[in-house]
Structures are given as C-alpha cells and as structure tokens.
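Undergrad: target18.csv is reproduced in full below (CSV, C-alpha atoms).
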```csv
chain,number,residue,atom,x,y,z
D,1,MET,CA,12.8,-15.9,8.0
D,2,GLN,CA,14.6,-12.8,9.4
D,3,SER,CA,12.8,-9.5,10.2
D,4,ARG,CA,15.6,-7.4,8.8
D,5,PRO,CA,16.4,-7.0,5.0
D,6,ARG,CA,19.5,-8.5,3.4
D,7,TRP,CA,22.8,-6.6,3.6
D,8,PHE,CA,22.7,-5.1,0.1
D,9,PHE,CA,19.5,-3.2,0.9
D,10,TYR,CA,21.3,-1.1,3.4
D,11,ILE,CA,23.3,0.3,0.5
D,12,VAL,CA,20.3,0.5,-1.9
D,13,LYS,CA,17.9,2.1,0.6
D,14,PRO,CA,19.6,5.5,1.0
D,15,LEU,CA,19.9,5.8,-2.8
D,16,LEU,CA,16.3,4.9,-3.3
D,17,ASN,CA,15.3,7.5,-0.7
D,18,ALA,CA,17.4,10.2,-2.3
D,19,CYS,CA,16.0,9.4,-5.8
D,20,LEU,CA,12.4,9.6,-4.6
D,21,ARG,CA,13.0,12.9,-2.9
D,22,ILE,CA,14.8,14.3,-5.9
D,23,LEU,CA,12.1,13.1,-8.4
D,24,PHE,CA,9.2,14.2,-6.3
D,25,ASN,CA,8.2,16.9,-3.7
D,26,ILE,CA,7.4,14.6,-0.8
D,27,LYS,CA,6.0,15.6,2.6
D,28,ILE,CA,5.2,13.1,5.4
D,29,GLU,CA,3.2,13.7,8.6
D,30,GLY,CA,2.8,11.5,11.6
D,31,TRP,CA,6.1,9.6,12.0
D,32,GLU,CA,5.5,9.6,15.7
D,33,ASN,CA,2.5,7.2,15.1
D,34,LEU,CA,4.7,4.3,13.9
D,35,PRO,CA,4.8,1.7,16.7
D,36,ARG,CA,8.1,0.3,17.9
D,37,GLU,CA,6.7,-3.3,17.7
D,38,PRO,CA,5.8,-5.0,14.4
D,39,TYR,CA,2.5,-3.8,12.9
D,40,ILE,CA,0.2,-4.2,9.9
D,41,MET,CA,0.1,-1.2,7.6
D,42,VAL,CA,-2.9,-0.3,5.4
D,43,SER,CA,-2.9,2.4,2.7
D,44,ASN,CA,-5.0,3.7,-0.1
D,45,HIS,CA,-3.6,2.8,-3.5
D,46,LEU,CA,-3.0,5.1,-6.5
D,47,SER,CA,-0.2,3.5,-8.5
D,48,TRP,CA,2.1,0.5,-8.4
D,49,ILE,CA,4.9,2.8,-7.5
D,50,ASP,CA,3.3,3.1,-4.0
D,51,PRO,CA,5.1,0.1,-2.4
D,52,ILE,CA,8.4,1.4,-3.8
D,53,VAL,CA,7.7,4.8,-2.3
D,54,TYR,CA,7.0,3.3,1.1
D,55,VAL,CA,10.0,1.0,1.1
D,56,GLY,CA,12.2,3.9,0.1
D,57,LEU,CA,10.9,6.3,2.8
D,58,TRP,CA,10.1,4.0,5.7
D,59,PRO,CA,12.6,2.9,8.4
D,60,ILE,CA,14.9,0.2,7.0
D,61,ALA,CA,13.9,-2.4,9.7
D,62,PRO,CA,11.8,-4.3,10.3
D,63,LYS,CA,11.4,-5.1,6.7
D,64,LEU,CA,8.2,-4.0,4.9
D,65,VAL,CA,6.4,-6.8,3.0
D,66,PHE,CA,3.5,-6.0,0.7
D,67,ILE,CA,0.9,-8.3,-0.8
D,68,ALA,CA,0.4,-7.4,-4.5
D,69,ASN,CA,-1.4,-8.5,-7.6
D,70,ALA,CA,1.1,-10.5,-9.8
D,71,ALA,CA,-0.2,-9.0,-13.0
D,72,THR,CA,1.4,-5.7,-12.2
D,73,SER,CA,4.1,-6.6,-9.7
D,74,VAL,CA,6.0,-9.3,-11.5
D,75,LYS,CA,4.9,-9.1,-15.2
D,76,ASN,CA,5.9,-5.4,-15.7
D,77,PRO,CA,9.7,-5.5,-16.3
D,78,THR,CA,10.3,-2.0,-14.8
D,79,ALA,CA,8.4,-3.1,-11.7
D,80,LYS,CA,10.2,-6.4,-11.5
D,81,PHE,CA,13.6,-4.6,-11.6
D,82,LEU,CA,12.8,-2.0,-9.0
D,83,ILE,CA,11.2,-4.7,-6.7
D,84,GLY,CA,14.4,-6.7,-6.9
D,85,LEU,CA,16.5,-3.7,-5.9
D,86,ALA,CA,14.2,-3.2,-3.0
D,87,ASP,CA,15.0,-6.7,-1.7
D,88,ASN,CA,11.8,-8.3,-3.1
D,89,PRO,CA,9.3,-6.9,-0.6
D,90,LEU,CA,6.3,-8.4,-2.4
D,91,VAL,CA,4.1,-11.5,-2.0
D,92,PRO,CA,2.5,-11.8,-5.4
D,93,PHE,CA,-0.9,-13.4,-6.0
D,94,ASP,CA,-3.5,-13.9,-8.7
D,95,LYS,CA,-6.5,-11.9,-7.5
D,96,ARG,CA,-8.8,-14.0,-9.8
D,97,ASP,CA,-7.8,-17.2,-8.1
D,98,ARG,CA,-9.1,-17.9,-4.6
D,99,LYS,CA,-6.5,-20.4,-3.8
D,100,SER,CA,-3.7,-18.0,-4.8
D,101,ARG,CA,-5.3,-15.3,-2.5
D,102,LEU,CA,-5.4,-17.7,0.4
D,103,ASN,CA,-1.8,-18.8,-0.1
D,104,ALA,CA,-0.7,-15.2,-0.3
D,105,LEU,CA,-2.4,-14.5,3.0
D,106,ARG,CA,-0.7,-17.5,4.6
D,107,SER,CA,2.6,-16.1,3.4
D,108,MET,CA,1.8,-12.7,4.9
D,109,LEU,CA,1.0,-14.5,8.2
D,110,LYS,CA,4.4,-16.1,8.2
D,111,HIS,CA,6.1,-12.8,7.5
D,112,ALA,CA,4.2,-11.2,10.3
D,113,GLU,CA,5.0,-14.0,12.7
D,114,ALA,CA,8.7,-13.5,11.8
D,115,GLY,CA,8.5,-9.9,13.0
D,116,ARG,CA,8.2,-8.1,9.7
D,117,ASN,CA,5.8,-5.2,9.1
D,118,VAL,CA,3.2,-6.6,6.6
D,119,CYS,CA,1.5,-4.1,4.4
D,120,PHE,CA,-1.8,-4.2,2.5
D,121,PHE,CA,-3.7,-2.0,0.0
D,122,PRO,CA,-7.1,-3.2,1.2
D,123,GLU,CA,-8.9,-1.6,-1.8
D,124,GLY,CA,-7.4,-4.4,-3.9
D,125,ARG,CA,-7.1,-2.1,-6.9
D,126,ILE,CA,-6.1,1.4,-8.0
D,127,GLY,CA,-8.4,4.1,-6.6
D,128,MET,CA,-8.7,7.8,-7.2
D,129,GLU,CA,-7.1,10.9,-5.8
D,130,GLY,CA,-9.0,11.9,-2.7
D,131,LYS,CA,-11.5,9.0,-2.8
D,132,MET,CA,-11.3,5.4,-1.7
D,133,CYS,CA,-12.8,2.2,-3.0
D,134,PRO,CA,-14.3,-0.3,-0.6
D,135,PHE,CA,-12.0,-2.6,1.4
D,136,HIS,CA,-11.2,-6.3,1.4
D,137,SER,CA,-10.8,-7.6,4.9
D,138,GLY,CA,-7.6,-9.7,4.8
D,139,ALA,CA,-5.4,-7.2,6.7
D,140,PHE,CA,-8.0,-7.0,9.5
D,141,ALA,CA,-8.4,-10.7,9.7
D,142,LEU,CA,-4.6,-10.9,10.2
D,143,SER,CA,-4.7,-8.2,12.8
D,144,LYS,CA,-7.4,-10.1,14.8
D,145,ARG,CA,-5.6,-13.4,14.5
D,146,LEU,CA,-2.2,-11.9,15.7
D,147,ASN,CA,-3.7,-9.2,18.0
D,148,ARG,CA,-1.5,-6.8,16.1
D,149,LEU,CA,-1.9,-3.0,15.6
D,150,VAL,CA,-3.1,-1.7,12.2
D,151,VAL,CA,-1.4,1.5,11.1
D,152,PRO,CA,-3.5,3.5,8.6
D,153,VAL,CA,-1.6,5.6,6.0
D,154,GLY,CA,-3.2,8.1,3.7
D,155,LEU,CA,-1.5,8.9,0.4
D,156,ALA,CA,-2.0,11.6,-2.2
D,157,GLY,CA,-0.2,12.5,-5.4
D,158,THR,CA,1.1,9.2,-7.0
D,159,TYR,CA,-1.8,8.7,-9.4
D,160,ASN,CA,-0.2,10.8,-12.1
D,161,LEU,CA,3.6,11.2,-11.9
D,162,TYR,CA,6.0,13.7,-13.3
D,163,TRP,CA,9.1,15.7,-12.3
D,164,ARG,CA,8.7,17.3,-8.8
D,165,ARG,CA,5.1,16.1,-8.5
D,166,PRO,CA,3.8,16.9,-5.0
D,167,ILE,CA,3.3,13.7,-3.0
D,168,ARG,CA,1.7,13.8,0.5
D,169,ILE,CA,1.7,11.0,3.1
D,170,ARG,CA,-0.1,11.1,6.4
D,171,ILE,CA,0.4,8.3,9.0
D,172,GLY,CA,-2.5,7.9,11.4
D,173,ARG,CA,-2.7,6.6,14.9
D,174,PRO,CA,-2.7,2.8,15.2
D,175,ILE,CA,-6.0,0.9,15.3
D,176,ALA,CA,-6.0,-1.9,17.9
D,177,PRO,CA,-8.2,-5.0,17.3
D,178,GLN,CA,-11.0,-5.3,19.9
D,179,GLU,CA,-12.0,-8.6,21.3
D,180,ASN,CA,-15.8,-7.9,20.9
D,181,GLU,CA,-15.4,-6.6,17.3
D,182,THR,CA,-15.9,-8.7,14.2
D,183,ILE,CA,-13.5,-8.6,11.2
D,184,GLU,CA,-16.2,-6.9,9.2
D,185,GLU,CA,-16.7,-4.2,11.9
D,186,MET,CA,-13.0,-3.6,12.1
D,187,THR,CA,-12.8,-3.2,8.3
D,188,ILE,CA,-15.6,-0.7,8.3
D,189,LYS,CA,-14.0,1.3,11.2
D,190,ALA,CA,-10.6,1.4,9.4
D,191,HIS,CA,-12.3,2.6,6.2
D,192,GLU,CA,-13.8,5.5,8.1
D,193,VAL,CA,-10.5,6.3,9.7
D,194,MET,CA,-8.8,6.2,6.3
D,195,ARG,CA,-11.3,8.5,4.7
D,196,SER,CA,-10.4,11.3,7.1
D,197,LEU,CA,-6.7,10.5,6.9
D,198,ILE,CA,-6.1,10.9,3.2
D,199,PRO,CA,-4.2,14.2,2.6
D,200,PRO,CA,-5.9,16.9,0.5
D,201,TYR,CA,-5.1,16.3,-3.2
D,202,PRO,CA,-1.9,18.3,-3.7
D,203,GLY,CA,-2.9,19.5,-7.2
D,204,ASP,CA,-1.0,19.6,-10.4
D,205,LEU,CA,1.9,21.8,-11.1
D,206,PRO,CA,1.6,24.2,-14.1
D,207,GLU,CA,2.5,22.8,-17.5
D,208,PRO,CA,4.8,21.6,-18.9
D,209,HIS,CA,5.0,18.4,-16.8
D,210,ARG,CA,8.6,17.3,-17.2
D,211,LEU,CA,9.4,13.6,-17.2
D,212,SER,CA,5.8,12.9,-17.7
D,213,SER,CA,7.0,9.5,-19.0
D,214,LEU,CA,7.0,8.5,-15.4
D,215,ALA,CA,3.2,8.3,-15.6
D,216,THR,CA,3.5,5.8,-18.5
D,217,MET,CA,6.2,3.8,-16.8
D,218,PHE,CA,4.1,3.3,-13.6
D,219,ARG,CA,0.7,3.0,-15.2
D,220,VAL,CA,-1.6,0.1,-14.4
D,221,GLU,CA,-5.0,-1.0,-15.3
D,222,HIS,CA,-7.7,1.3,-14.0
D,223,HIS,CA,-11.1,-0.3,-13.3
D,224,PRO,CA,-14.2,1.9,-13.5
D,225,PHE,CA,-14.6,4.0,-10.4
D,226,VAL,CA,-18.2,3.6,-9.4
D,227,PHE,CA,-18.0,4.3,-5.7
D,228,ASP,CA,-19.0,7.4,-3.6
D,229,GLY,CA,-15.9,7.1,-1.5
D,230,LYS,CA,-17.9,6.1,1.6
D,231,GLN,CA,-18.8,2.5,0.8
D,232,ALA,CA,-16.7,0.5,3.2
D,233,LEU,CA,-17.2,-3.1,1.9
D,234,TYR,CA,-17.4,-4.6,-1.6
D,235,LYS,CA,-20.7,-5.9,-2.9
D,236,GLU,CA,-21.1,-8.7,-5.4
D,237,GLY,CA,-20.2,-7.5,-8.9
D,238,ASP,CA,-18.3,-4.4,-7.8
D,239,PRO,CA,-15.1,-3.7,-9.7
D,240,ASP,CA,-12.7,-5.0,-8.2
D,241,GLY,CA,-14.3,-7.1,-5.6
D,242,TYR,CA,-12.2,-10.0,-7.1
D,243,ASP,CA,-13.4,-13.3,-8.5
D,244,PRO,CA,-13.6,-14.0,-12.2
D,245,VAL,CA,-15.0,-11.4,-14.5
```
Can the structure in the file be given as structure tokens, please?
TA:
Amino acid sequence: MQSRPRWFFYIVKPLLNACLRILFNIKIEGWENLPREPYIMVSNHLSWIDPIVYVGLWPIAPKLVFIANAATSVKNPTAKFLIGLADNPLVPFDKRDRKSRLNALRSMLKHAEAGRNVCFFPEGRIGMEGKMCPFHSGAFALSKRLNRLVVPVGLAGTYNLYWRRPIRIRIGRPIAPQENETIEEMTIKAHEVMRSLIPPYPGDLPEPHRLSSLATMFRVEHHPFVFDGKQALYKEGDPDGYDPV
C-alpha cells in the first residue's frame, strides 16, 4: 500500500482543483498548519461533496483517505463517478452495522500505517452551517494508538451549492495526543477546538442562484438537528449516534 496516489491522479488533480475554483469562490486559511509528516484530519461535514473538495484542494501527496457512509459514497452514481476520478479515496462502511464500522477503522489504520493522511468527519452525519453535531471518537482512538497529530479543519459554505457559492476553509493547529489523556477527553477537546475554528457562515449570494442543480446533485439525507452546537459526545438515541433506528 503506497502513500502516493496512482499516476493518473496527477493529471486529474489539477483539473479537479481548477473546476472547484471556477464553480465556487473558495478561500483557505492556515496552510502553514499542515504537518510535513502524515496526520489525521478531522472536519465538520456539510455535504458529500466535502471529500471531493479536500482531495481537489489539498497537496497531492501523501494521499488523502476518507472514511465514509456507503449509502451516500457508493450508491449515488454521481458520487461514485467523481470518487473514481479522485483515485478512490474512500473507505466505505455501513454505519448501522458495528462490524462494518470496526472493519472500516481497521482499514483506516492500515492506510495510516502506510503513510497516508487519513481523514474523518467525526460528526458521522451532515451538520449545519456554523454549528456542529457531537463527535464519534474513532479518529481520536487512531491518533492515540499511532501517536499521530490530529489536524482540525473548519468548513463553511458547502451545505447548499450553486454557481460561485462562497466556500471558506480554515486549517487549525495540530492537536497532539497526550499520554495522560483518555480518548473521550481528546474527543471533547477537539470538539471545542473545532467550534472556534469553523469560519463564519459566508452567506448566500443574491438571487438568482445559477446552477442551483448542484445542490440537488450533492444532496444527502439530513437527520433532525437537535443539538446546541456545544454537545461534544453523542448520547444514546441521538440522531445520528449510529446503531439501528
């Protein structure tokens, strides 16, 4: 398992970057916070286009690998096509199946050990602009096991897409796992960091929203948002704290 993408992605990547920057008004802060060594990236989640945005904008190597719900990542034909163009950067899993979730985490561990940058949306679902759902702890368990830095990334603007939609990305300072810190404590700390990191909602452009069909193309199931944005960990029965509904 190599840390670099396959050769054809070196051709696709500049085209993907250009398309994203033509379609949307993208601004990124904090490039200097990306470590030189492999890291674990965590981001809030607003649309299934988010992994494509990161793959298209981030440095080409080491390869980014995301863990993603199979219902939206491989069953949507548009998503499947774009994911293939991006050198298949996803580890799909069934979030209702505990065994599938564990197998996906094991796959992410192998990717990380191979020197790739593994990426998580720890909310485990689509959130809202400017507010986060609670976190699952998988990314932070991996960080503790490998003693690897976690890079928090705040995202705004991809929830509702159209032509020249403002998208803002803010890369935070890496979070190092501490020996005397539990996985739960690290998860809570990262949630607090992320809350302050999410860029201000860029707002909507005046009507008409041209190419608003992009919103339909990249739409996913939205669970009820019942959180205050400050709850760091899921409680039993929260949507979507996983397990069968």
Undergrad: Check which residues of range 100-163 of chain D sit at most 8 Å from range 38-42 of chain D using only C-alpha atoms, and return one row each with the closest pair of atoms and their distance in Å to one decimal, ordered by chain and rising number, as a Markdown table.
TA:
```
| residue | atom | partner | partner_atom | distance |
| --- | --- | --- | --- | --- |
| D:Ala112 | CA | D:Pro38 | CA | 7.6 |
| D:Gly115 | CA | D:Pro38 | CA | 5.8 |
| D:Arg116 | CA | D:Pro38 | CA | 6.1 |
| D:Asn117 | CA | D:Tyr39 | CA | 5.2 |
| D:Val118 | CA | D:Ile40 | CA | 5.1 |
| D:Cys119 | CA | D:Met41 | CA | 4.5 |
| D:Phe120 | CA | D:Val42 | CA | 5.0 |
| D:Phe121 | CA | D:Val42 | CA | 5.7 |
| D:Pro122 | CA | D:Val42 | CA | 6.6 |
| D:Ala139 | CA | D:Ile40 | CA | 7.1 |
| D:Ser143 | CA | D:Ile40 | CA | 7.0 |
| D:Arg148 | CA | D:Tyr39 | CA | 5.9 |
| D:Leu149 | CA | D:Tyr39 | CA | 5.2 |
| D:Val150 | CA | D:Ile40 | CA | 4.7 |
| D:Val151 | CA | D:Met41 | CA | 4.7 |
| D:Pro152 | CA | D:Val42 | CA | 5.0 |
| D:Val153 | CA | D:Val42 | CA | 6.1 |
```
Undergrad: Could you check how far CA of Thr158 in chain D sits from CA of His45 in chain D, in Å to one decimal?
TA: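 Distance reported for this atom pair: 8.7 Å.
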Undergrad: Considering all atoms listed in the file, can you say which of D:Pro5, D:Gly30, D:Pro202, D:Pro239 comes closest to Gly124 in chain D?
TA: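 Once distances to Gly124 in chain D are computed over all atoms listed in the file, the minimum belongs to D:Pro239.
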Undergrad: From the options D:Arg164, D:Lys110, D:Arg96, D:Arg4, which residue's atoms come nearest to Asn25 in chain D, counting only C-alpha atoms?
TA: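 Residue with the minimum atom-to-atom distance to Asn25 in chain D: D:Arg164.
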Undergrad: To one decimal in Å, tell me the separation between CA of Gly203 in chain D and CA of Phe66 in chain D.
TA: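 Taking CA of Gly203 in chain D and CA of Phe66 in chain D, their separation equals 27.5 Å.
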Undergrad: Quick one: residues within 8 Å of Lys144 in chain D, only C-alpha atoms, excluding same-chain residues fewer than 2 positions away - as number ranges by chain?
TA: D: 140-142, 146-148, 177-178, 183
Undergrad: Counting all atoms listed in the file, figure out which residue out of D:Phe135, D:Tyr54, D:Phe93, D:Tyr242 gets nearest to Leu20 in chain D.
TA: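 Checking each of D:Phe135, D:Tyr54, D:Phe93, D:Tyr242 against Leu20 in chain D, counting all atoms listed in the file, the winner is D:Tyr54.
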Undergrad: Report as a list in words all protein, DNA and RNA residues lying within 9 Å of Ile28 in chain D, evaluated on only C-alpha atoms, omitting residues in the same chain fewer than 6 positions from it.
TA: Ile167, Arg168, Ile169, Arg170 and Ile171 of chain D
Undergrad: Write the residues of the preceding selection, restricted to C-alpha atoms, as a CSV table (one decimal), in the coordinates of the input.
TA:
```csv
chain,number,residue,atom,x,y,z
D,167,ILE,CA,3.3,13.7,-3.0
D,168,ARG,CA,1.7,13.8,0.5
D,169,ILE,CA,1.7,11.0,3.1
D,170,ARG,CA,-0.1,11.1,6.4
D,171,ILE,CA,0.4,8.3,9.0
```
